[in-house]
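Reviewing the structure listed below.
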Amino acid sequence: MIELKNASKTFTRKGITIEALKGINLKVEKGDIFGVIGYSGAGKSTLIRLVNYLERPTEGQVLVNGRDLGTYNDKELRLAKKNIGMIFQHFNLLESKKIFDNVAIPLVLLKKSKSEIRQRVQELLEFVGLSDKAGSYPSELSGGQKQRVGIARALASNPSILLCDEATSALDPQTTQSILQLLKRINAEYNITVMIITHEMSVIQEICNKVAVMEEGRIIEQGSVLEVFGHPQHETTKNFVKTVVQNSMTPSVEKSLKAENGSLLYKLHFVGKSASEPILYEMIRSFDIKVNILFANMTEIQETTLGTAIIQLSGDRKLVEDALTFLTRHEVSVEEVESYVFDDNNE
Ligand SMILES: Nc1ncnc2c1ncn2[C@@H]1O[C@H](COP(=O)(O)OP(=O)(O)OP(=O)(O)O)[C@@H](O)[C@H]1O
């Protein structure tokens, strides 16, 4: 649906060159809610601006529905853009125009008839829950309502892709929730592919099925949200995941542990069914080893439970190995916490 192939973007200003995007490869499939997360300056806005060709890549390709946007002439590009709606952090509404007219803008540009415009705008305002605000001005609306208008306007030309540029960053948590739920409905009911850029991991957790993490113009990690939240690889990804999923011991537990003569520590990941079965209990019953549970947590992502536990195992090495094999056989992924490999002399 949307594909970036080795896409780079360089800006040159007053003799200074900024590489905003460096060799981006990314694929958004039809029906995805694809999140792009990164800190300020990572290149997220530039990336989303390439997708609707507000910016052209310096190198590489941007393909939408299999066609390279670089090969379009101006007329084709205008038509292609009609297929891509966009919403913004600060809504970008025309303050001097009523809500009805704001939503009607794309339809007027498409030279639709007055009656067609009236019908479509009413339909859209109803869909976003603002039928009673058609005659109001943007200044009379709350932030959440303004974003609903932005969404109605973005949907006016029946796009198959909706791009969201920090669409909830200016909203309070409750309003953010309602806008995210609306985006989810748009994806489900209209089968619109959604691409969201954000610096908030909670947005990704709430509605995305896939995520790409950006840093300094590069994608450092991407995959299904469940995969990336469950097994973040890169340090930056781990820091983002930490903001929504607690997955490490409390500092006091960690401190007391260092003081003890330790054995090995393991981080366990339970996904879906394995998170609700008494696997640890079975392991403790089956193997004569000491099990110390130092941390445990469960989170719901993509309607799937994701469990994390940190355990300390001591006892006969062979039995410990057998216990770990037992866990793996029950679809628990086991990772040794390397920073806690204690010196043999301390044991
Ligand atoms: N039109 C431009 N001219 C020059 N430099 C630009 C331009 N647009 C973006 N940049 C630079 O490219 C880099 C990436 O910017 P971009 O806005 O894409 O990042 P971002 O991840 O969206 O950040 P933020 O979350 O703060 O919006 C930054 O160093 C920025 O200064």
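Following the order of the structure tokens, chains are lettered A, B, ..., residues in each are numbered from 1, and ligands are numbered from 1.
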
Query - Selection near range 95-102 of chain A, 9 Å with only C-alpha atoms, sequence-local residues under 2 positions removed, as a PyMOL selection string - result: chain A and resi 92-93+104-106+118+121-122+125+133-139+146+149-150+153

**Report entry** Residue contacts of range 302-312 of chain A (6 Å, only C-alpha atoms) excluding same-chain residues fewer than 6 positions away, as a PyMOL selection string
**Finding:** chain A and resi 264-272+275+291-296

Requested in this report: Could you tell me how far atom 22 (O, counted along the ligand's line) of ligand 1 lies from CA of Thr198 in chain A, in Å and to one decimal?
Outcome: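 Atom-to-atom, atom 22 (O, counted along the ligand's line) of ligand 1 and CA of Thr198 in chain A are spaced 8.4 Å apart.
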
Please build the interface table for chain A against ligand 1 with a cut-off of 6 Å, listing for each qualifying residue the nearest atom pair and the distance in Å to one decimal; count only C-alpha atoms and all ligand atoms, order rows by chain and increasing number, and write it as a Markdown table.
| residue | atom | partner | partner_atom_place_in_ligand_line | distance |
| --- | --- | --- | --- | --- |
| A:Phe11 | CA | ligand 1 | 4 (C) | 4.9 |
| A:Ala20 | CA | ligand 1 | 12 (O) | 4.0 |
| A:Gly38 | CA | ligand 1 | 21 (O) | 6.0 |
| A:Tyr39 | CA | ligand 1 | 21 (O) | 5.9 |
| A:Ser40 | CA | ligand 1 | 26 (O) | 3.6 |
| A:Gly41 | CA | ligand 1 | 19 (O) | 3.5 |
| A:Ala42 | CA | ligand 1 | 21 (O) | 3.7 |
| A:Gly43 | CA | ligand 1 | 18 (O) | 3.2 |
| A:Lys44 | CA | ligand 1 | 21 (O) | 3.9 |
| A:Ser45 | CA | ligand 1 | 22 (O) | 3.6 |
| A:Thr46 | CA | ligand 1 | 18 (O) | 3.8 |

Pull N, CA and C atoms from the residues just selected and write them as a PDB file, in the first residue's frame.
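Generated file (out.pdb):
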ATOM      1  N   PHE A  11      18.200  18.275   3.450  1.00  0.00           N
ATOM      2  CA  PHE A  11      17.867  19.698   3.315  1.00  0.00           C
ATOM      3  C   PHE A  11      19.178  20.481   3.318  1.00  0.00           C
ATOM      4  N   ALA A  20      17.851  14.587   6.915  1.00  0.00           N
ATOM      5  CA  ALA A  20      16.668  14.337   7.754  1.00  0.00           C
ATOM      6  C   ALA A  20      16.256  12.871   7.715  1.00  0.00           C
ATOM      7  N   GLY A  38       9.386   8.400  17.543  1.00  0.00           N
ATOM      8  CA  GLY A  38      10.772   8.847  17.660  1.00  0.00           C
ATOM      9  C   GLY A  38      10.790  10.144  18.446  1.00  0.00           C
ATOM     10  N   TYR A  39      11.972  10.495  18.966  1.00  0.00           N
ATOM     11  CA  TYR A  39      12.101  11.754  19.694  1.00  0.00           C
ATOM     12  C   TYR A  39      12.097  12.906  18.692  1.00  0.00           C
ATOM     13  N   SER A  40      12.018  14.119  19.222  1.00  0.00           N
ATOM     14  CA  SER A  40      12.007  15.304  18.386  1.00  0.00           C
ATOM     15  C   SER A  40      13.249  15.344  17.482  1.00  0.00           C
ATOM     16  N   GLY A  41      13.031  15.623  16.208  1.00  0.00           N
ATOM     17  CA  GLY A  41      14.158  15.725  15.276  1.00  0.00           C
ATOM     18  C   GLY A  41      14.551  14.404  14.640  1.00  0.00           C
ATOM     19  N   ALA A  42      13.844  13.330  14.979  1.00  0.00           N
ATOM     20  CA  ALA A  42      14.202  12.003  14.448  1.00  0.00           C
ATOM     21  C   ALA A  42      13.925  11.898  12.949  1.00  0.00           C
ATOM     22  N   GLY A  43      12.986  12.714  12.465  1.00  0.00           N
ATOM     23  CA  GLY A  43      12.679  12.681  11.023  1.00  0.00           C
ATOM     24  C   GLY A  43      11.257  12.226  10.722  1.00  0.00           C
ATOM     25  N   LYS A  44      10.416  12.149  11.751  1.00  0.00           N
ATOM     26  CA  LYS A  44       9.054  11.611  11.573  1.00  0.00           C
ATOM     27  C   LYS A  44       8.218  12.464  10.613  1.00  0.00           C
ATOM     28  N   SER A  45       8.219  13.784  10.855  1.00  0.00           N
ATOM     29  CA  SER A  45       7.384  14.655  10.007  1.00  0.00           C
ATOM     30  C   SER A  45       7.869  14.606   8.573  1.00  0.00           C
ATOM     31  N   THR A  46       9.175  14.610   8.391  1.00  0.00           N
ATOM     32  CA  THR A  46       9.714  14.547   7.028  1.00  0.00           C
ATOM     33  C   THR A  46       9.250  13.262   6.358  1.00  0.00           C
TER      34      THR A  46
END

Requested in this report: Find the distance between CA of Ser263 in chain A and CA of Ile289 in chain A and write it in Å to one decimal.
Outcome: 11.3 Å

Requested in this report: Determine, counting only C-alpha atoms, which protein, DNA and RNA residues have an atom within 12 Å of an atom of Glu235 in chain A; residues of the same chain fewer than 4 positions away are not included. Present the result as a VMD selection string.
Outcome: chain A and resid 213 to 215 220 to 221 231 239 to 242

**Report entry** range 177-192 of chain A surroundings by only C-alpha atoms, 6 Å radius, close-in-sequence under 2 positions cut, as a list of chain:residue names
**Finding:**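 Within the cut-off, the hits are A:Gly31, A:Ser160, A:Ile161, A:Gln174, A:Thr175.
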
For the residues in the current selection, export C-alpha atoms as a short mmCIF file (atom, residue, chain, number, x, y, z; two decimals), in the first residue's frame.
data_model
loop_
_atom_site.label_atom_id
_atom_site.label_comp_id
_atom_site.auth_asym_id
_atom_site.auth_seq_id
_atom_site.Cartn_x
_atom_site.Cartn_y
_atom_site.Cartn_z
CA GLY A 31 -5.68 -2.05 6.72
CA SER A 160 -7.95 5.12 1.34
CA ILE A 161 -5.04 6.39 3.47
CA GLN A 174 -9.25 11.73 27.83
CA THR A 175 -9.73 13.60 24.56
#

Report task. In Å, rounded to a single decimal, give me how far CA of Ile196 in chain A is from CA of Tyr53 in chain A. Result -> 16.1 Å

Report task. Point out the residue among A:Val51, A:Ile84, A:Met1, A:Leu162 with the least atom-to-atom distance to Lys27 in chain A, counting only C-alpha atoms. Result -> A:Met1

List the spatial neighbours of range 315-327 of chain A as a CSV table (one decimal) with C-alpha atoms, in the first residue's frame - criterion: any atom at most 7 Å away, only C-alpha atoms, same-chain residues fewer than 2 positions off excluded.
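Result written to around.csv:
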chain,number,residue,atom,x,y,z
A,283,MET,CA,8.0,-25.5,37.0
A,287,PHE,CA,12.2,-29.1,39.6
A,289,ILE,CA,15.5,-25.6,42.6
A,290,LYS,CA,15.0,-22.2,44.4
A,313,LEU,CA,17.1,-19.4,39.9
A,329,ARG,CA,8.6,-25.9,25.8
A,330,HIS,CA,5.6,-24.1,27.3
A,331,GLU,CA,6.1,-21.1,24.9
A,332,VAL,CA,7.7,-18.9,27.4

Requested in this report: Looking only at strand (DSSP E) from DSSP on the backbone, list the matching residues of range 156-327 of chain A as a ChimeraX atom specification.
Outcome: /A:161-165,193-198,210-215,218-224,264-271,290-301,304-314

Report task. Find, counting only C-alpha atoms, the residue in A:Lys210, A:Arg218, A:Arg67, A:His199 that gets nearest to Glu19 in chain A. Result -> A:Arg218

Query raised in the report: Residues at most 12 Å from Leu54 in chain A, counting only C-alpha atoms, excluding those fewer than 5 positions away in the same chain, as a ChimeraX atom specification?
Result: /A:45-49,62,69-70,77-78,81,84,86

Report as a short mmCIF file (atom, residue, chain, number, x, y, z; two decimals) with N, CA and C atoms, in the first residue's frame: the residues of range 1-160 of chain A with a DSSP assignment of alpha helix (DSSP H), based on the backbone of this structure.
data_model
loop_
_atom_site.label_atom_id
_atom_site.label_comp_id
_atom_site.auth_asym_id
_atom_site.auth_seq_id
_atom_site.Cartn_x
_atom_site.Cartn_y
_atom_site.Cartn_z
N LYS A 44 10.42 12.15 11.75
CA LYS A 44 9.05 11.61 11.57
C LYS A 44 8.22 12.46 10.61
N SER A 45 8.22 13.78 10.85
CA SER A 45 7.38 14.65 10.01
C SER A 45 7.87 14.61 8.57
N THR A 46 9.18 14.61 8.39
CA THR A 46 9.71 14.55 7.03
C THR A 46 9.25 13.26 6.36
N LEU A 47 9.27 12.17 7.12
CA LEU A 47 8.86 10.88 6.55
C LEU A 47 7.40 10.93 6.09
N ILE A 48 6.53 11.45 6.94
CA ILE A 48 5.10 11.46 6.59
C ILE A 48 4.86 12.44 5.43
N ARG A 49 5.67 13.48 5.35
CA ARG A 49 5.52 14.45 4.24
C ARG A 49 5.98 13.85 2.92
N LEU A 50 6.83 12.82 2.99
CA LEU A 50 7.22 12.13 1.75
C LEU A 50 6.06 11.30 1.23
N VAL A 51 5.27 10.75 2.17
CA VAL A 51 4.19 9.84 1.77
C VAL A 51 3.11 10.57 0.98
N ASP A 74 1.82 16.34 -12.77
CA ASP A 74 1.12 17.16 -11.77
C ASP A 74 -0.34 16.75 -11.59
N LYS A 75 -1.01 16.46 -12.71
CA LYS A 75 -2.42 16.11 -12.63
C LYS A 75 -2.61 14.78 -11.89
N GLU A 76 -1.75 13.82 -12.26
CA GLU A 76 -1.83 12.50 -11.60
C GLU A 76 -1.54 12.62 -10.11
N LEU A 77 -0.60 13.50 -9.80
CA LEU A 77 -0.22 13.69 -8.40
C LEU A 77 -1.38 14.27 -7.59
N ARG A 78 -2.10 15.22 -8.22
CA ARG A 78 -3.27 15.82 -7.54
C ARG A 78 -4.29 14.73 -7.24
N LEU A 79 -4.49 13.85 -8.21
CA LEU A 79 -5.46 12.77 -8.02
C LEU A 79 -4.98 11.78 -6.95
N ALA A 80 -3.67 11.50 -6.99
CA ALA A 80 -3.11 10.57 -6.01
C ALA A 80 -3.26 11.14 -4.61
N LYS A 81 -3.09 12.46 -4.48
CA LYS A 81 -3.19 13.10 -3.16
C LYS A 81 -4.62 13.06 -2.61
N LYS A 82 -5.59 13.04 -3.51
CA LYS A 82 -7.00 12.95 -3.11
C LYS A 82 -7.24 11.64 -2.34
N ILE A 99 -17.60 25.61 10.47
CA ILE A 99 -17.22 24.19 10.47
C ILE A 99 -17.67 23.52 9.17
N PHE A 100 -18.90 23.80 8.76
CA PHE A 100 -19.41 23.21 7.52
C PHE A 100 -18.45 23.50 6.36
N ASP A 101 -18.04 24.77 6.25
CA ASP A 101 -17.20 25.17 5.11
C ASP A 101 -15.80 24.59 5.21
N ASN A 102 -15.31 24.45 6.45
CA ASN A 102 -13.99 23.82 6.62
C ASN A 102 -14.01 22.39 6.08
N VAL A 103 -15.05 21.66 6.45
CA VAL A 103 -15.14 20.25 6.02
C VAL A 103 -15.35 20.18 4.50
N ALA A 104 -16.02 21.21 3.97
CA ALA A 104 -16.37 21.19 2.54
C ALA A 104 -15.18 21.50 1.63
N ILE A 105 -14.09 22.07 2.19
CA ILE A 105 -12.98 22.55 1.34
C ILE A 105 -12.54 21.53 0.27
N PRO A 106 -12.21 20.29 0.66
CA PRO A 106 -11.73 19.36 -0.39
C PRO A 106 -12.78 19.11 -1.46
N LEU A 107 -14.06 19.14 -1.07
CA LEU A 107 -15.14 18.86 -2.04
C LEU A 107 -15.31 20.03 -3.01
N VAL A 108 -15.14 21.25 -2.47
CA VAL A 108 -15.21 22.43 -3.34
C VAL A 108 -14.07 22.36 -4.35
N LEU A 109 -12.87 22.00 -3.84
CA LEU A 109 -11.71 21.90 -4.75
C LEU A 109 -11.92 20.83 -5.81
N LYS A 114 -23.33 21.55 -5.21
CA LYS A 114 -23.73 22.04 -3.88
C LYS A 114 -24.48 20.98 -3.10
N SER A 115 -25.41 20.29 -3.76
CA SER A 115 -26.21 19.31 -3.02
C SER A 115 -25.35 18.12 -2.58
N GLU A 116 -24.42 17.74 -3.43
CA GLU A 116 -23.52 16.64 -3.08
C GLU A 116 -22.67 17.04 -1.86
N ILE A 117 -22.19 18.29 -1.91
CA ILE A 117 -21.35 18.79 -0.80
C ILE A 117 -22.17 18.78 0.50
N ARG A 118 -23.40 19.30 0.42
CA ARG A 118 -24.23 19.39 1.62
C ARG A 118 -24.43 18.00 2.22
N GLN A 119 -24.74 17.06 1.38
CA GLN A 119 -25.02 15.70 1.86
C GLN A 119 -23.77 15.06 2.50
N ARG A 120 -22.65 15.20 1.79
CA ARG A 120 -21.41 14.56 2.27
C ARG A 120 -20.93 15.21 3.58
N VAL A 121 -21.01 16.55 3.66
CA VAL A 121 -20.53 17.22 4.87
C VAL A 121 -21.41 16.82 6.06
N GLN A 122 -22.72 16.77 5.83
CA GLN A 122 -23.62 16.37 6.92
C GLN A 122 -23.29 14.96 7.40
N GLU A 123 -23.07 14.09 6.43
CA GLU A 123 -22.73 12.70 6.73
C GLU A 123 -21.45 12.62 7.57
N LEU A 124 -20.44 13.41 7.15
CA LEU A 124 -19.14 13.38 7.84
C LEU A 124 -19.26 13.96 9.24
N LEU A 125 -20.00 15.07 9.37
CA LEU A 125 -20.14 15.68 10.70
C LEU A 125 -20.88 14.74 11.64
N GLU A 126 -21.81 14.01 11.08
CA GLU A 126 -22.54 13.03 11.91
C GLU A 126 -21.58 11.92 12.35
N PHE A 127 -20.75 11.46 11.42
CA PHE A 127 -19.82 10.38 11.73
C PHE A 127 -18.87 10.79 12.86
N GLY A 143 -10.42 21.58 21.68
CA GLY A 143 -9.35 20.95 20.89
C GLY A 143 -9.80 19.64 20.27
N GLY A 144 -10.47 18.82 21.08
CA GLY A 144 -10.93 17.52 20.59
C GLY A 144 -11.93 17.68 19.46
N GLN A 145 -12.83 18.67 19.63
CA GLN A 145 -13.83 18.92 18.57
C GLN A 145 -13.16 19.41 17.30
N LYS A 146 -12.13 20.28 17.48
CA LYS A 146 -11.41 20.78 16.29
C LYS A 146 -10.76 19.62 15.55
N GLN A 147 -10.18 18.67 16.31
CA GLN A 147 -9.54 17.55 15.63
C GLN A 147 -10.58 16.68 14.91
N ARG A 148 -11.78 16.59 15.49
CA ARG A 148 -12.85 15.85 14.80
C ARG A 148 -13.20 16.52 13.46
N VAL A 149 -13.18 17.86 13.47
CA VAL A 149 -13.43 18.58 12.22
C VAL A 149 -12.31 18.27 11.23
N GLY A 150 -11.08 18.28 11.74
CA GLY A 150 -9.92 17.96 10.89
C GLY A 150 -10.08 16.57 10.28
N ILE A 151 -10.57 15.64 11.07
CA ILE A 151 -10.76 14.27 10.58
C ILE A 151 -11.86 14.23 9.52
N ALA A 152 -12.97 14.93 9.79
CA ALA A 152 -14.07 14.96 8.82
C ALA A 152 -13.57 15.54 7.49
N ARG A 153 -12.78 16.62 7.58
CA ARG A 153 -12.26 17.24 6.36
C ARG A 153 -11.33 16.28 5.62
N ALA A 154 -10.49 15.57 6.39
CA ALA A 154 -9.54 14.63 5.77
C ALA A 154 -10.26 13.48 5.06
N LEU A 155 -11.46 13.14 5.57
CA LEU A 155 -12.19 12.00 4.99
C LEU A 155 -13.09 12.41 3.82
#
